[in-house]
Amino acid sequence: SVMALDPKALVIRTSAFFGPWDRANFVTHALERLAARQPLRAPSDVTVSPTYVPDLVDATLDLLVDGAGGLWHLANDGAVSWYELAQLAARHVGLVPSTLEPCSNDSLQLPATRPRYSALSTSRGALMPSLEDALVRYVYQ
């Protein structure tokens, strides 16, 4: 059975976090491997909406201050594959991602099944900056 959501409750959906406080994220991992010229395989067949944690915090606080309720999707504006995300991040730090290899998600044999398309969009308004803007701020933090 589906539980009814209290209309006053604030529920936030987000995905693919990266940020300055936690090094255990895909963007940091990818940049470290590419800078060290180590091989990096990244799925080119899975699309996500990356989320820069400082932007998520700002948008969440704005919603709380405004007394917003309901379901909100908060992610930086832009949908990319994990492979494309690694390419974008490398470009922003001036790396040539010569050791980056696209692959299928299935070839990674991950323990959990992941959807091929999990990009988030919202009809309520864009509260978050673009992915490009977020990557620039992440790199130059």
# chains A, B, ... in the order shown; residues from 1 in each chain; ligands from 1
>>> residues_around(residues="A:Leu40", least_positions_apart="6", cutoff="9 Å", atoms="only C-alpha atoms", output="MDAnalysis selection string")
chainID A and resid 30 33:34 99:102
>>> select_by_dssp(residues="chain A", states="strand (DSSP E)", output="PyMOL selection string")
chain A and resi 10-13+17-18+40-43+47-48+51-52+70-73+80-81+100-103
>>> write_last_selection(atoms="C-alpha atoms", output="short mmCIF file (atom, residue, chain, number, x, y, z; two decimals), in the first residue's frame")
data_model
loop_
_atom_site.label_atom_id
_atom_site.label_comp_id
_atom_site.auth_asym_id
_atom_site.auth_seq_id
_atom_site.Cartn_x
_atom_site.Cartn_y
_atom_site.Cartn_z
CA LEU A 10 8.96 18.70 2.71
CA VAL A 11 10.38 15.75 0.75
CA ILE A 12 13.54 16.28 -1.31
CA ARG A 13 14.81 13.89 -3.98
CA PHE A 17 26.32 14.01 -4.87
CA PHE A 18 29.69 15.68 -5.11
CA LEU A 40 38.90 4.89 -15.20
CA ARG A 41 35.89 3.10 -16.65
CA ALA A 42 32.63 5.02 -16.40
CA PRO A 43 29.18 4.03 -17.64
CA THR A 47 22.08 9.15 -17.12
CA VAL A 48 22.04 11.04 -13.80
CA THR A 51 24.17 17.48 -7.35
CA TYR A 52 26.75 19.84 -5.85
CA GLY A 70 5.54 18.66 -0.95
CA LEU A 71 7.94 16.78 -3.17
CA TRP A 72 10.90 18.68 -4.65
CA HIS A 73 13.61 17.44 -7.01
CA VAL A 80 24.72 13.51 -18.14
CA SER A 81 26.11 10.01 -18.14
CA LEU A 100 38.91 7.50 -19.30
CA GLU A 101 37.04 4.69 -21.00
CA PRO A 102 33.29 4.50 -21.60
CA CYS A 103 31.66 1.23 -20.63
#
>>> closest_atom_pairs(of="stretch 45-83 of chain A", to="stretch 113-130 of chain A", cutoff="8 Å", atoms="only C-alpha atoms", output="tab-separated table")
residue	atom	partner	partner_atom	distance
A:Asp45	CA	A:Arg116	CA	6.4
A:Val46	CA	A:Arg116	CA	4.4
A:Thr47	CA	A:Tyr117	CA	4.8
A:Val48	CA	A:Ala119	CA	4.5
A:Ser49	CA	A:Ala119	CA	4.7
A:Asp55	CA	A:Met128	CA	6.3
A:Leu56	CA	A:Met128	CA	7.5
A:Ala59	CA	A:Leu127	CA	6.1
A:Trp72	CA	A:Thr122	CA	7.2
A:His73	CA	A:Thr122	CA	5.9
A:Leu74	CA	A:Met128	CA	6.9
A:Ala75	CA	A:Met128	CA	6.4
A:Asn76	CA	A:Met128	CA	5.2
A:Asp77	CA	A:Ser130	CA	4.4
A:Gly78	CA	A:Ser130	CA	6.3
A:Ala79	CA	A:Ala119	CA	5.7
>>> atom_distance(atom1="atom CA of A:His92", atom2="atom CA of A:Leu131")
11.5 Å
>>> closest_residue(among="A:Thr60, A:Ser44, A:Gln141, A:Asn25", to="A:Asn105", atoms="only C-alpha atoms")
A:Ser44
>>> closest_residue(among="A:Val27, A:Ala112, A:Val139, A:Ala9", to="A:Tyr83", atoms="only C-alpha atoms")
A:Val27
>>> atom_distance(atom1="atom CA of A:Thr28", atom2="atom CA of A:Asp62")
27.0 Å
>>> atom_distance(atom1="atom CA of A:Leu95", atom2="atom CA of A:Ala35")
6.9 Å
>>> select_by_dssp(residues="stretch 44-102 of chain A", states="helix (DSSP H, G or I)", output="ChimeraX atom specification")
/A:53-65,82-93
>>> write_last_selection(atoms="C-alpha atoms", output="tab-separated table (two decimals), in the first residue's frame")
chain	number	residue	atom	x	y	z
A	53	VAL	CA	26.22	19.56	-2.08
A	54	PRO	CA	26.60	23.30	-1.27
A	55	ASP	CA	23.86	24.08	-3.82
A	56	LEU	CA	21.66	21.36	-2.32
A	57	VAL	CA	22.12	22.85	1.16
A	58	ASP	CA	21.31	26.38	-0.05
A	59	ALA	CA	18.18	25.30	-1.92
A	60	THR	CA	16.99	23.15	0.99
A	61	LEU	CA	17.43	26.00	3.46
A	62	ASP	CA	15.54	28.35	1.12
A	63	LEU	CA	12.64	25.89	0.97
A	64	LEU	CA	12.61	25.47	4.75
A	65	VAL	CA	12.68	29.23	5.36
A	82	TRP	CA	28.77	9.12	-15.58
A	83	TYR	CA	31.25	9.07	-18.48
A	84	GLU	CA	30.21	12.58	-19.57
A	85	LEU	CA	30.45	13.80	-15.97
A	86	ALA	CA	34.05	12.57	-15.74
A	87	GLN	CA	34.85	14.31	-19.05
A	88	LEU	CA	33.31	17.60	-17.88
A	89	ALA	CA	35.11	17.52	-14.55
A	90	ALA	CA	38.43	16.77	-16.26
A	91	ARG	CA	37.95	19.66	-18.66
A	92	HIS	CA	37.34	22.07	-15.78
A	93	VAL	CA	40.66	21.19	-14.14
